[in-house]
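Asks: Below: one structure in structure tokens.
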Amino acid sequence: MRITDFSISRLPRIEFGSGALSKLPTHARGFGTHALLVTGAGSLRNSPFWSMLTAGLKAQGMSWLHLAIPGEPSPQMVDDAVRAFRTEQIDIVIGIGGGSALDAAKAIAGLLKPGNSVMDHLEGVGPELPYAGPSTPFIAVPTTAGTGSEATKNAVLSVQGMEGFKKSFRDDKLVAEYALVDPDLLASCPPAVIAANGMDAFTQLLESYVSSRAAPFTDSLAWGGMKAARDGLLPLYADAGDKQARERMSYAALVSGITLAQVGLGSVHGLAAPLGAFFPIPHGIACGTLVATATRINIEMLRLREAQHPALEKYAQVGRLLSRQGQLDRDAAHAALISTLEAWTHTLGLPRLAHFGVTQIDIPRIVANSRGSSMKTNPLHLEDAEIATILEARM
């Protein structure tokens, strides 16, 4: 195997395993005594983990302020939080929650000291000024297994509506100092959240594996993550009390964040951005409902236009992995991959796009807004009509 050139951007220090949350107070105290806790809307406050966390912070002599994020964060939400907390002398920002809470915490940490609007730095929106920092230290604690935001340098922010957008504030300075990944935190996740987040994590692993920037380092991580998702997603969906399934999906999500941060994604995430901006479609559902069809279209177009492309063999490898049939020829392995993804989509009850109000009339606008950074690392360039076919198949 030829080892191609690659570079790896900054990663957090990672603490993975049951009970990792208990290490948070000690790690946080290393940065000072005053924290900003950024969480989801309320599930953490209503869990036994909250009292354990706050007792631990008190034992370390720490004080804290709390901000709840009710949904996907917007630039306005981040700017409001920065204004509200900038004079509070925050030493450490701690994000605990799903991808929305972690992205909000990451962006707020990045701007507490500079104090300017996040709109100054969003990709594809506004002046796109370089981010100079400094960022307030940030610790990420995921409570879902999905976005992998704990391992990335980007905070995804959204404005929803006809003129909406979903864009990233991205810089190496935003990477968490620590990512504490505790599979026990998944125990209270409802099945619908497990399904959407799990399919997002798997999609990120698959898309980074076949990315035009894929490298041996990230391929090995993505492969292990996909194997973990194969063995963990459906069992966790059936029973959040399955400790081994929680561990597997926590690992898959973490690794998906690492690989996407290094080599990018593909057409599913290219489409998920405008879908989430224009319609009330949760990100994981957008990814989960599209991945089987987008994979099929990618394979068909590669066969038609670039029959020797290495991504075709990679797709076959994943088909053999998911089907546990290592001797399948390439065509049969492609069919097994698509069949498995379609079966997961059905079993996990992922709704079609029409459920969220998407109509045939909306397709050109979605396609026109799909060519962000994720689409640029799809294994091949898809024409507008081909992107539209993905959407039409999931209406």
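Residue numbers start at 1 in each chain; chains themselves are named A, B, ... in the order of the structure tokens; ligands are numbered from 1 in the order shown.
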Just asking: which residues within segment 18-194 of chain A are strand (DSSP E or B) according to DSSP, as a ChimeraX atom specification?

Replies: /A:34-39,63-68,92-97,138-142,154-159,165-170,178-181

Asks: Write out, as a CSV table (one decimal), in the first residue's frame, the residues just selected, with C-alpha atoms.

Replies:
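selection-v3.csv written:
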chain,number,residue,atom,x,y,z
A,34,HIS,CA,-15.2,30.5,37.0
A,35,ALA,CA,-17.0,28.5,34.4
A,36,LEU,CA,-19.7,28.9,31.8
A,37,LEU,CA,-21.8,25.7,31.4
A,38,VAL,CA,-23.5,25.5,28.0
A,39,THR,CA,-26.0,22.7,27.9
A,63,SER,CA,-18.4,28.8,40.5
A,64,TRP,CA,-20.4,28.8,37.3
A,65,LEU,CA,-23.0,30.4,35.1
A,66,HIS,CA,-25.4,28.3,33.0
A,67,LEU,CA,-26.8,28.8,29.5
A,68,ALA,CA,-29.3,26.4,28.0
A,92,ILE,CA,-13.4,28.0,31.0
A,93,VAL,CA,-16.4,27.2,28.8
A,94,ILE,CA,-17.8,23.8,29.3
A,95,GLY,CA,-20.2,22.4,26.6
A,96,ILE,CA,-22.3,19.4,27.6
A,97,GLY,CA,-24.9,18.1,25.3
A,138,PHE,CA,-13.2,25.0,26.0
A,139,ILE,CA,-14.1,21.5,27.2
A,140,ALA,CA,-16.5,19.4,25.2
A,141,VAL,CA,-18.7,16.6,26.7
A,142,PRO,CA,-21.1,15.0,24.2
A,154,ASN,CA,-16.0,24.2,13.5
A,155,ALA,CA,-19.1,25.4,15.1
A,156,VAL,CA,-22.2,25.1,12.8
A,157,LEU,CA,-24.7,27.9,13.1
A,158,SER,CA,-28.1,28.2,11.4
A,159,VAL,CA,-30.6,30.8,10.4
A,165,PHE,CA,-28.3,29.3,5.9
A,166,LYS,CA,-26.3,26.8,7.8
A,167,LYS,CA,-22.6,27.7,7.9
A,168,SER,CA,-19.5,27.1,10.0
A,169,PHE,CA,-17.3,29.3,12.2
A,170,ARG,CA,-14.1,27.3,11.8
A,178,TYR,CA,-10.4,18.2,26.4
A,179,ALA,CA,-13.1,16.0,24.8
A,180,LEU,CA,-14.6,13.8,27.6
A,181,VAL,CA,-16.6,11.0,26.0

Asks: Set the distance at 10 Å and use only C-alpha atoms: which residues neighbour Ala333 of chain A once local chain neighbours fewer than 5 positions away are removed? I'd like the list as a list in words.

Replies: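 In the requested form, the answer reads Glu313, Tyr315, Ala316, Gln317, Val318, Gly319, Arg320, Leu321, Leu322, Ser323, Gln325, Gly326, Gln327, Leu328, Ile338 and Ser339 of chain A.
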
Asks: Would you export the selected residues with C-alpha atoms as an mmCIF file, in the first residue's frame, please?

Replies:
data_model
loop_
_atom_site.group_PDB
_atom_site.id
_atom_site.type_symbol
_atom_site.label_atom_id
_atom_site.label_comp_id
_atom_site.auth_asym_id
_atom_site.auth_seq_id
_atom_site.Cartn_x
_atom_site.Cartn_y
_atom_site.Cartn_z
ATOM 1 C CA GLU A 313 -13.407 -0.260 -4.325
ATOM 2 C CA TYR A 315 -17.584 1.473 -1.342
ATOM 3 C CA ALA A 316 -17.282 -2.264 -2.037
ATOM 4 C CA GLN A 317 -15.124 -2.743 1.059
ATOM 5 C CA VAL A 318 -17.786 -1.068 3.189
ATOM 6 C CA GLY A 319 -20.481 -3.230 1.603
ATOM 7 C CA ARG A 320 -18.530 -6.355 2.587
ATOM 8 C CA LEU A 321 -18.009 -4.956 6.093
ATOM 9 C CA LEU A 322 -21.666 -4.141 6.735
ATOM 10 C CA SER A 323 -22.983 -7.361 5.195
ATOM 11 C CA GLN A 325 -19.708 -11.150 3.463
ATOM 12 C CA GLY A 326 -16.048 -10.693 2.735
ATOM 13 C CA GLN A 327 -16.016 -12.669 -0.519
ATOM 14 C CA LEU A 328 -18.538 -10.564 -2.471
ATOM 15 C CA ILE A 338 -27.003 0.137 -0.556
ATOM 16 C CA SER A 339 -29.348 -2.585 0.675
#

Asks: I need the residue nearest Ala55 of chain A from this list: A:Leu174, A:Leu24, A:Leu312, A:Val268. Use only C-alpha atoms for the distance.

Replies: A:Leu24

Asks: At a cut-off of 12 Å, using only C-alpha atoms, what residues contact Glu300 of chain A? Leave out same-chain residues fewer than 6 positions from it and give the result as a compact mmCIF listing (two decimals) with C-alpha atoms, in the first residue's frame.

Replies:
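The resulting file, part-v9.txt, is shown below:
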# COMPACT_ATOMS: atom_id res chain seq x y z
CA THR A 293 -29.74 7.18 -2.09
CA ALA A 294 -26.72 9.49 -2.24
CA GLU A 306 -14.72 7.15 -13.64
CA ALA A 307 -14.77 3.36 -13.64
CA HIS A 309 -11.84 5.54 -9.34
CA ALA A 311 -13.76 5.14 -4.25
CA LEU A 312 -15.56 2.33 -6.07
CA TYR A 315 -17.58 1.47 -1.34
CA ASP A 331 -20.91 -5.21 -7.87
CA HIS A 334 -22.07 -2.28 -3.81
CA ALA A 335 -25.56 -3.78 -3.82
CA ILE A 338 -27.00 0.14 -0.56
CA LEU A 380 -16.73 13.02 -7.85
CA LEU A 382 -22.19 15.63 -9.32
CA GLU A 386 -27.84 14.17 -10.31
CA THR A 389 -32.24 12.89 -8.27
CA ILE A 390 -31.07 12.22 -4.69

Asks: Could you check the closest approach to Pro310 of chain A for each of A:Val193, A:Pro70, A:Pro379, A:Arg86 and tell me which residue wins, using only C-alpha atoms?

Replies: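 Comparing A:Val193, A:Pro70, A:Pro379, A:Arg86 against Pro310 of chain A, the winner is A:Pro379.
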